[in-house]
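Participant: One structure coming up, written as structure tokens, with questions to follow.
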Amino acid sequence: MPSRRTLLALGLASTAMLTACATAPSPSYTERPPIVFMHGNGDSAALWQTTIWRFESNGWPRDRLFALDQPYPLARDDDAVAQPGRSSTADSALFLKAEVDKVLKATGAGKVVLIGNSRGGNTIRNYVQNGGGAAVVSHVVLGGNPAHGIWAVKGFRENNEFSGLSGFMQQLNAPKGPNGEEVTPGVKWLTLRSDNNDKYAQPDGVWIGVPGQPTNIGFDGPALKGATNVVLPRVDHRETSFSPAAFAATWQFLTGEAPRSTAVAPEASVVLDGRAVGAENLSLNGGQVTVYAVDPATGARRGDAVHSKSIGADGRWGPFNARGDTAYEFVLSAPGYGITHIYRSPFPRSSRVVNLRPERLTPADGSAQAVVVFTRPRGYFDAERDTMRFDGQSPPPGVPPKGSGVSSSRLRVAAAQPQRAVTGEFNAERITGLTWPAAQQHVTVLELTY
């Protein structure tokens, strides 16, 4: 984890930030407002796990931290045209409004803080500007938000919400003050962006499938006039929200002080829970989750299952009393899917957002004896920046030699061989799991926490 000195060197205590924080009283250490976390395109509440841990470790009450699971989290191709399994900008804003209302009622608070990653920032801005959110929101933090679109190309998917030429984006960015402010007044705004390593804030269209074509969006696309805009060097798109540096900048903005630490403080008693969901964030009703303690060096199970539960309408697979020093294998089976074996590092703290998603076999996996997925939900793999190895391969299969644009790697074990251990390593985190037979619809997932 970066040291406090390193984090401060990133510009977190810039004059602009201190000025913004001084314009109105910051939340005191004795009264923390509720924080509502809004995930990005296709994601779930689970991505906020380490962020929530860092807030708790610095004294923010657990019962005032709310991470949401939006149903149908993928944006429509055309925002105005209904699309199965997708949501519109209006759908997302209405969902957020309903959830904020629930939080206000449950906590008795008068206002909330909203923190969003990527598409979640679009949703927050829309709700604050057009859905009445300005009356009940005190602070907004946007990480990697495509505030001016991911592209702004005439004739190229102009009605998509990520087009800077869309009506949705144009009205969000219409001037709102004498100096051309793009943010809704009365709310304090912070944007966090990468210097040049965000795949969705690139002048070239390589990450949207049109390499060599200008996107007409710069590295500063996530910045907004009227907000406090902070640059975090070398972070990738997801790390603009989920990295230690992003947490430090957020804490500074909300409190006016640096956090005591960006490390996750361990707890003596760890209780885990979450939802078993498909890609649409809907419950895998009728599924089953079984948990095994495993040897972190080999992936082998240490005895019988330590937890098992059938999944109901709410999707919840816990609570499960875990050990903070133990690695686990989560076995998820559900109608319409195969069996997914998810291996995770030990959990130092309790969490209610340990969401489990099944992995599907693809036609390309047809000849494989076993399939293993190495994934980093809270960031991307960067061969120039990170130290990583997957089953002895560096960089892992499918990871390009340059750029932060891939968050998972897929290993297909082709030759017939007995069950064996496979290890994924990323910087300081190491996960080992076992191969399982693809012919029987099993998939192994090595899921990084950090």
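By order in the structure tokens, chains are A, B, ...; within a chain, residues start at 1; ligands start at 1, following the order shown.
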Set out as CSV a contact list for range 20-119 of chain A and range 266-277 of chain A with a cut-off of 10 Å, giving each residue of range 20-119 of chain A that qualifies its closest atom pair and distance in Å to one decimal, counting only C-alpha atoms, ordered by chain and rising residue number.
Facilitator:
```
residue,atom,partner,partner_atom,distance
A:Ser44,CA,A:Val277,CA,9.3
A:Ala45,CA,A:Gly274,CA,9.2
A:Ala46,CA,A:Gly274,CA,8.1
A:Trp53,CA,A:Pro266,CA,9.2
A:Ser57,CA,A:Pro266,CA,8.3
A:Asp69,CA,A:Arg275,CA,9.4
```
Participant: Name all residues at most 8 Å from range 360-365 of chain A (count only C-alpha atoms; drop same-chain ones fewer than 2 positions away) and give them as a ChimeraX atom specification.
Facilitator: /A:337-338,358,367-368,371,412,438,441,443
Participant: If you run DSSP on the backbone, which residues of range 397-437 of chain A are strand (DSSP E or B), as a list in words?
Facilitator: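 Taking range 397-437 of chain A and keeping strand (DSSP E or B) only, one gets Val406, Ser408, Ser409, Arg410, Leu411, Arg412, Val413, Ala421, Val422, Thr423, Gly424, Glu425, Phe426, Glu429, Arg430, Ile431, Thr432, Gly433 and Leu434 of chain A.
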Participant: With a distance cut-off of 6 Å and only C-alpha atoms, select the neighbouring residues of Glu329 in chain A, excluding the residue or stretch itself and same-chain residues fewer than 4 positions from it, and output the selection as a list in words.
Facilitator: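 Neighbouring residues, sequence-local ones excluded: Val291, Tyr292, Ile342 and Tyr343 of chain A.
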Participant: Quote the spacing between CA of Ala135 in chain A and CA of Val230 in chain A in Å to one decimal place.
Facilitator: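 If I compute the distance from CA of Ala135 in chain A to CA of Val230 in chain A, I get 25.3 Å.
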Participant: Ranking A:Ala265, A:Ala322, A:Ile311, A:Ala415 by minimum distance to Ala293 in chain A and counting only C-alpha atoms, which one comes first?
Facilitator: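 Among the listed residues, A:Ala322 lies closest to Ala293 in chain A.
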Participant: So how far away is CA of Arg54 in chain A from CA of Lys97 in chain A, in Å?
Facilitator: 25.7 Å
Participant: Identify, on the basis of only C-alpha atoms, every residue whose closest approach to Gly42 in chain A does not exceed 12 Å; exclude the query and any residue fewer than 6 positions from it along the same chain; express the result as a PDB file with N, CA and C atoms, in the first residue's frame.
Facilitator:
```pdb
ATOM      1  N   ASP A  69     -26.724  -2.463  -5.658  1.00  0.00           N
ATOM      2  CA  ASP A  69     -26.713  -3.374  -6.807  1.00  0.00           C
ATOM      3  C   ASP A  69     -27.814  -2.935  -7.761  1.00  0.00           C
ATOM      4  N   GLN A  70     -27.450  -2.266  -8.840  1.00  0.00           N
ATOM      5  CA  GLN A  70     -28.479  -1.849  -9.793  1.00  0.00           C
ATOM      6  C   GLN A  70     -28.882  -3.009 -10.686  1.00  0.00           C
ATOM      7  N   PRO A  71     -30.172  -3.311 -10.780  1.00  0.00           N
ATOM      8  CA  PRO A  71     -30.600  -4.325 -11.752  1.00  0.00           C
ATOM      9  C   PRO A  71     -30.300  -3.854 -13.176  1.00  0.00           C
ATOM     10  N   TYR A  72     -29.944  -4.774 -14.026  1.00  0.00           N
ATOM     11  CA  TYR A  72     -29.623  -4.480 -15.431  1.00  0.00           C
ATOM     12  C   TYR A  72     -28.590  -3.356 -15.523  1.00  0.00           C
ATOM     13  N   PRO A  73     -27.371  -3.594 -15.027  1.00  0.00           N
ATOM     14  CA  PRO A  73     -26.394  -2.506 -14.903  1.00  0.00           C
ATOM     15  C   PRO A  73     -25.749  -2.056 -16.206  1.00  0.00           C
ATOM     16  N   LEU A  74     -25.950  -2.793 -17.296  1.00  0.00           N
ATOM     17  CA  LEU A  74     -25.368  -2.380 -18.574  1.00  0.00           C
ATOM     18  C   LEU A  74     -26.219  -1.314 -19.247  1.00  0.00           C
ATOM     19  N   ALA A  75     -25.564  -0.297 -19.810  1.00  0.00           N
ATOM     20  CA  ALA A  75     -26.268   0.764 -20.529  1.00  0.00           C
ATOM     21  C   ALA A  75     -26.805   0.252 -21.863  1.00  0.00           C
ATOM     22  N   ARG A  76     -27.886   0.849 -22.319  1.00  0.00           N
ATOM     23  CA  ARG A  76     -28.427   0.524 -23.637  1.00  0.00           C
ATOM     24  C   ARG A  76     -27.473   0.987 -24.738  1.00  0.00           C
ATOM     25  N   GLY A  85     -32.421  -6.683 -20.936  1.00  0.00           N
ATOM     26  CA  GLY A  85     -31.276  -6.837 -20.060  1.00  0.00           C
ATOM     27  C   GLY A  85     -30.431  -5.596 -19.883  1.00  0.00           C
ATOM     28  N   ARG A  86     -30.887  -4.449 -20.384  1.00  0.00           N
ATOM     29  CA  ARG A  86     -30.129  -3.199 -20.283  1.00  0.00           C
ATOM     30  C   ARG A  86     -30.999  -2.135 -19.608  1.00  0.00           C
ATOM     31  N   SER A  87     -30.346  -1.078 -19.136  1.00  0.00           N
ATOM     32  CA  SER A  87     -31.066   0.018 -18.479  1.00  0.00           C
ATOM     33  C   SER A  87     -30.752   1.334 -19.168  1.00  0.00           C
ATOM     34  N   ASN A 117     -18.576   5.335  -9.511  1.00  0.00           N
ATOM     35  CA  ASN A 117     -17.518   4.971 -10.454  1.00  0.00           C
ATOM     36  C   ASN A 117     -18.089   4.879 -11.860  1.00  0.00           C
ATOM     37  N   SER A 118     -17.373   5.452 -12.826  1.00  0.00           N
ATOM     38  CA  SER A 118     -17.669   5.298 -14.243  1.00  0.00           C
ATOM     39  C   SER A 118     -19.128   5.662 -14.544  1.00  0.00           C
ATOM     40  N   ARG A 119     -19.911   4.728 -15.094  1.00  0.00           N
ATOM     41  CA  ARG A 119     -21.304   5.024 -15.420  1.00  0.00           C
ATOM     42  C   ARG A 119     -22.093   5.476 -14.191  1.00  0.00           C
ATOM     43  N   GLY A 120     -21.692   4.974 -13.010  1.00  0.00           N
ATOM     44  CA  GLY A 120     -22.374   5.409 -11.796  1.00  0.00           C
ATOM     45  C   GLY A 120     -22.323   6.912 -11.615  1.00  0.00           C
ATOM     46  N   GLY A 278     -26.544 -13.092 -11.327  1.00  0.00           N
ATOM     47  CA  GLY A 278     -26.068 -13.179 -12.687  1.00  0.00           C
ATOM     48  C   GLY A 278     -25.588 -11.828 -13.164  1.00  0.00           C
ATOM     49  N   ALA A 279     -25.288 -11.728 -14.464  1.00  0.00           N
ATOM     50  CA  ALA A 279     -24.755 -10.496 -15.027  1.00  0.00           C
ATOM     51  C   ALA A 279     -25.736  -9.335 -14.922  1.00  0.00           C
ATOM     52  N   GLU A 280     -27.022  -9.627 -14.761  1.00  0.00           N
ATOM     53  CA  GLU A 280     -28.031  -8.572 -14.651  1.00  0.00           C
ATOM     54  C   GLU A 280     -28.264  -8.146 -13.213  1.00  0.00           C
ATOM     55  N   ASN A 281     -27.448  -8.636 -12.275  1.00  0.00           N
ATOM     56  CA  ASN A 281     -27.575  -8.343 -10.840  1.00  0.00           C
ATOM     57  C   ASN A 281     -28.913  -8.805 -10.278  1.00  0.00           C
ATOM     58  N   ARG A 357     -20.709 -14.233  -8.772  1.00  0.00           N
ATOM     59  CA  ARG A 357     -21.288 -14.358 -10.112  1.00  0.00           C
ATOM     60  C   ARG A 357     -20.749 -15.617 -10.786  1.00  0.00           C
ATOM     61  N   PRO A 377     -11.333  -7.512 -10.269  1.00  0.00           N
ATOM     62  CA  PRO A 377     -12.530  -6.679 -10.418  1.00  0.00           C
ATOM     63  C   PRO A 377     -12.316  -5.202 -10.127  1.00  0.00           C
TER      64      PRO A 377
END
```
Participant: Choose the residue, out of A:Lys309, A:Arg234, A:Arg193, A:His341, that has the smallest atom-to-atom separation from Asp386 in chain A; count only C-alpha atoms.
Facilitator: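 Distance minimum relative to Asp386 in chain A lands on A:Arg234.
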Participant: I'd like the interatomic distance between CA of Thr89 in chain A and CA of Trp251 in chain A, to a tenth of an Å.
Facilitator: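 A separation of 28.2 Å between them.
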Participant: Please list as a ChimeraX atom specification every residue within 8 Å of range 421-432 of chain A, counting only C-alpha atoms and excluding residues in the same chain fewer than 6 positions away.
Facilitator: /A:296-299,343-345,372,374,386-392,446-448,450
Participant: For the residues in the current selection, export N, CA, C and O atoms as a PDB file, in the first residue's frame.
Facilitator:
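Final output, saved to out24.pdb:
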```
ATOM      1  N   PRO A 296      -3.852 -22.175   1.180  1.00  0.00           N
ATOM      2  CA  PRO A 296      -3.551 -21.090   0.237  1.00  0.00           C
ATOM      3  C   PRO A 296      -2.403 -21.423  -0.713  1.00  0.00           C
ATOM      4  O   PRO A 296      -2.297 -20.812  -1.775  1.00  0.00           O
ATOM      5  N   ALA A 297      -1.564 -22.387  -0.383  1.00  0.00           N
ATOM      6  CA  ALA A 297      -0.426 -22.729  -1.233  1.00  0.00           C
ATOM      7  C   ALA A 297      -0.795 -23.715  -2.330  1.00  0.00           C
ATOM      8  O   ALA A 297      -0.162 -23.738  -3.391  1.00  0.00           O
ATOM      9  N   THR A 298      -1.839 -24.527  -2.099  1.00  0.00           N
ATOM     10  CA  THR A 298      -2.185 -25.576  -3.054  1.00  0.00           C
ATOM     11  C   THR A 298      -3.612 -25.506  -3.572  1.00  0.00           C
ATOM     12  O   THR A 298      -3.925 -26.141  -4.587  1.00  0.00           O
ATOM     13  N   GLY A 299      -4.479 -24.795  -2.879  1.00  0.00           N
ATOM     14  CA  GLY A 299      -5.892 -24.769  -3.253  1.00  0.00           C
ATOM     15  C   GLY A 299      -6.671 -25.966  -2.766  1.00  0.00           C
ATOM     16  O   GLY A 299      -7.889 -26.048  -2.966  1.00  0.00           O
ATOM     17  N   TYR A 343     -11.982 -18.879  -5.940  1.00  0.00           N
ATOM     18  CA  TYR A 343     -10.959 -18.881  -4.890  1.00  0.00           C
ATOM     19  C   TYR A 343     -10.619 -17.443  -4.536  1.00  0.00           C
ATOM     20  O   TYR A 343     -10.375 -16.605  -5.416  1.00  0.00           O
ATOM     21  N   ARG A 344     -10.604 -17.150  -3.232  1.00  0.00           N
ATOM     22  CA  ARG A 344     -10.347 -15.789  -2.753  1.00  0.00           C
ATOM     23  C   ARG A 344      -9.272 -15.791  -1.667  1.00  0.00           C
ATOM     24  O   ARG A 344      -9.092 -16.769  -0.940  1.00  0.00           O
ATOM     25  N   SER A 345      -8.583 -14.653  -1.566  1.00  0.00           N
ATOM     26  CA  SER A 345      -7.649 -14.440  -0.467  1.00  0.00           C
ATOM     27  C   SER A 345      -8.420 -14.330   0.845  1.00  0.00           C
ATOM     28  O   SER A 345      -9.638 -14.094   0.853  1.00  0.00           O
ATOM     29  N   VAL A 372      -9.556 -21.843 -16.421  1.00  0.00           N
ATOM     30  CA  VAL A 372      -9.269 -21.064 -15.218  1.00  0.00           C
ATOM     31  C   VAL A 372      -9.250 -19.592 -15.595  1.00  0.00           C
ATOM     32  O   VAL A 372      -8.569 -19.197 -16.553  1.00  0.00           O
ATOM     33  N   PHE A 374      -8.461 -15.728 -14.280  1.00  0.00           N
ATOM     34  CA  PHE A 374      -7.750 -14.900 -13.297  1.00  0.00           C
ATOM     35  C   PHE A 374      -8.272 -13.484 -13.472  1.00  0.00           C
ATOM     36  O   PHE A 374      -8.126 -12.885 -14.545  1.00  0.00           O
ATOM     37  N   ASP A 386       2.641  -3.297 -13.436  1.00  0.00           N
ATOM     38  CA  ASP A 386       2.399  -4.292 -12.399  1.00  0.00           C
ATOM     39  C   ASP A 386       3.300  -5.509 -12.543  1.00  0.00           C
ATOM     40  O   ASP A 386       3.754  -5.852 -13.643  1.00  0.00           O
ATOM     41  N   THR A 387       3.525  -6.181 -11.411  1.00  0.00           N
ATOM     42  CA  THR A 387       4.186  -7.475 -11.402  1.00  0.00           C
ATOM     43  C   THR A 387       3.116  -8.552 -11.327  1.00  0.00           C
ATOM     44  O   THR A 387       2.327  -8.572 -10.376  1.00  0.00           O
ATOM     45  N   MET A 388       3.042  -9.415 -12.336  1.00  0.00           N
ATOM     46  CA  MET A 388       1.960 -10.395 -12.365  1.00  0.00           C
ATOM     47  C   MET A 388       2.406 -11.657 -13.105  1.00  0.00           C
ATOM     48  O   MET A 388       3.250 -11.614 -13.998  1.00  0.00           O
ATOM     49  N   ARG A 389       1.778 -12.743 -12.706  1.00  0.00           N
ATOM     50  CA  ARG A 389       2.090 -14.040 -13.292  1.00  0.00           C
ATOM     51  C   ARG A 389       0.858 -14.933 -13.135  1.00  0.00           C
ATOM     52  O   ARG A 389       0.226 -14.937 -12.075  1.00  0.00           O
ATOM     53  N   PHE A 390       0.547 -15.692 -14.172  1.00  0.00           N
ATOM     54  CA  PHE A 390      -0.607 -16.580 -14.144  1.00  0.00           C
ATOM     55  C   PHE A 390      -0.172 -17.947 -14.667  1.00  0.00           C
ATOM     56  O   PHE A 390       0.169 -18.093 -15.840  1.00  0.00           O
ATOM     57  N   ASP A 391      -0.152 -18.898 -13.777  1.00  0.00           N
ATOM     58  CA  ASP A 391       0.302 -20.244 -14.107  1.00  0.00           C
ATOM     59  C   ASP A 391       1.677 -20.212 -14.779  1.00  0.00           C
ATOM     60  O   ASP A 391       1.940 -20.919 -15.752  1.00  0.00           O
ATOM     61  N   GLY A 392       2.535 -19.358 -14.257  1.00  0.00           N
ATOM     62  CA  GLY A 392       3.895 -19.249 -14.761  1.00  0.00           C
ATOM     63  C   GLY A 392       4.068 -18.322 -15.943  1.00  0.00           C
ATOM     64  O   GLY A 392       5.207 -18.068 -16.372  1.00  0.00           O
ATOM     65  N   LEU A 446      -9.931 -17.395 -10.112  1.00  0.00           N
ATOM     66  CA  LEU A 446      -9.033 -16.847  -9.104  1.00  0.00           C
ATOM     67  C   LEU A 446      -9.315 -15.355  -9.046  1.00  0.00           C
ATOM     68  O   LEU A 446      -8.957 -14.608  -9.955  1.00  0.00           O
ATOM     69  N   GLU A 447     -10.003 -14.911  -8.000  1.00  0.00           N
ATOM     70  CA  GLU A 447     -10.478 -13.527  -7.930  1.00  0.00           C
ATOM     71  C   GLU A 447      -9.655 -12.711  -6.948  1.00  0.00           C
ATOM     72  O   GLU A 447      -9.650 -12.964  -5.742  1.00  0.00           O
ATOM     73  N   LEU A 448      -8.973 -11.714  -7.472  1.00  0.00           N
ATOM     74  CA  LEU A 448      -8.173 -10.810  -6.653  1.00  0.00           C
ATOM     75  C   LEU A 448      -9.069  -9.897  -5.816  1.00  0.00           C
ATOM     76  O   LEU A 448     -10.153  -9.490  -6.263  1.00  0.00           O
ATOM     77  N   TYR A 450      -7.496  -7.019  -4.231  1.00  0.00           N
ATOM     78  CA  TYR A 450      -6.898  -5.684  -4.266  1.00  0.00           C
ATOM     79  C   TYR A 450      -6.476  -5.302  -5.678  1.00  0.00           C
ATOM     80  O   TYR A 450      -6.518  -6.114  -6.601  1.00  0.00           O
TER      81      TYR A 450
END
```
Participant: Find the residues near Ile208 in chain A: any atom within 12 Å, counting only C-alpha atoms, skip ones fewer than 2 places away on the same chain, and give them as a PyMOL selection string.
Facilitator: chain A and resi 149-153+156-157+162-163+199-206+210-215+405
Participant: Which is closest to Ile115 in chain A among A:Thr240, A:Ser308, A:Gln417, A:Ser351, if we use only C-alpha atoms?
Facilitator: A:Thr240
Participant: List as a tab-separated table every residue of range 213-320 of chain A that is in contact with range 175-182 of chain A, defined as an atom at most 6 Å from one of its atoms (using only C-alpha atoms), together with the nearest atom pair and the distance in Å rounded to one decimal, sorted by chain and then rising number.
Facilitator:
```
residue	atom	partner	partner_atom	distance
A:Leu224	CA	A:Glu182	CA	6.0
A:Lys225	CA	A:Glu181	CA	4.8
A:Gly226	CA	A:Glu181	CA	4.7
```
Participant: Between A:Val264, A:Val331, A:Leu47, A:Ala223, single out the one closest to Ala305 in chain A, counting only C-alpha atoms.
Facilitator: A:Val331
